[in-house]
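Worksheet: one structure, shown below.
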Amino acid sequence: MSKWSRRVRAAFGIGVIWGAAWFAAGMLLLLVVGPDAADVPFPLFFGLLGFLSGATFSLLIGLLAGRQRFAQLSLPRFAGWGALGGAIIAAAVQAVAGPGADLIALGVVFALAGAASASATLMLARRAQRRELPEPQEPASLASGQD
């Protein structure tokens, strides 16, 4: 698999995971405010923006993190990149929909949600990486009984 196809696949995967998490947050909001509170259903809107934010975040990581391992990345920097991903998507939505106080407030919410999602992504990635590390093995000469 080529380098670019792996990056696109990773961006899509992170987008789907973030989209699912943000969809769940939209469901909670829908339960609180009721189904008639907005023109667009909150779960669908949040899920779509979560997907786009996650994919944007993944692209930012590819550009800014370089070849660093998850253990080398700081949680605050990762959260900042997640907030940037959320803010970029919120700004794009605002540019399409036109200026409005509601979308500015959503920009702050999406930046915070992006930071939280990025932090959770890094913690899960570090956990998965720790589980995948192989156990230290004895050198072949010791394992076979040779000196």
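Labels for the structure tokens follow display order: chains A, B, ..., residues from 1 in each chain, ligands from 1.
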Contact check, stretch 23-59 of chain A to stretch 78-92 of chain A, at most 9 Å, counting only C-alpha atoms, closest pairs as CSV:
residue,atom,partner,partner_atom,distance
A:Leu49,CA,A:Ile89,CA,6.9
A:Gly50,CA,A:Gly86,CA,7.8
A:Leu52,CA,A:Ile89,CA,6.8
A:Ser53,CA,A:Gly86,CA,5.0
A:Gly54,CA,A:Gly85,CA,7.1
A:Ala55,CA,A:Gly85,CA,8.2
A:Thr56,CA,A:Gly85,CA,5.4
A:Phe57,CA,A:Gly85,CA,4.8
A:Ser58,CA,A:Gly85,CA,8.5
A:Leu59,CA,A:Gly85,CA,9.0
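Across the model, the gap from atom CA of A:Leu60 to atom CA of A:Arg9 is 14.5 Å.
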Discussion item. Let's see if you can do this: from backbone DSSP, list all alpha helix (DSSP H) residues in chain A, as a VMD selection string.
Written reply: chain A and resid 3 to 33 42 to 64 75 to 97 101 to 132 140 to 143
Each residue of stretch 54-76 of chain A lying at most 10 Å from stretch 111-131 of chain A should get a row with its shortest atom-to-atom pair and the distance in Å to one decimal, counting only C-alpha atoms; could you produce that, ordered by chain and increasing number, as a tab-separated table?
residue	atom	partner	partner_atom	distance
A:Gly54	CA	A:Gly114	CA	7.7
A:Phe57	CA	A:Ala118	CA	7.9
A:Ser58	CA	A:Ala118	CA	9.5
A:Arg69	CA	A:Arg126	CA	9.1
A:Phe70	CA	A:Arg126	CA	6.0
A:Ala71	CA	A:Arg126	CA	6.6
A:Leu73	CA	A:Leu122	CA	8.5
A:Ser74	CA	A:Leu122	CA	9.1
A:Leu75	CA	A:Ser119	CA	6.3
A:Pro76	CA	A:Ser119	CA	8.0
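The residue that comes closest to A:Ala21, out of A:Val109, A:Val96, A:Ala65, A:Leu48 and on the basis of only C-alpha atoms, is A:Leu48.
Between atom CA of A:Phe45 and atom CA of A:Ala25 the separation is 10.6 Å.
One finds atom CA of A:Ile17 at 24.4 Å from atom CA of A:Ala38.
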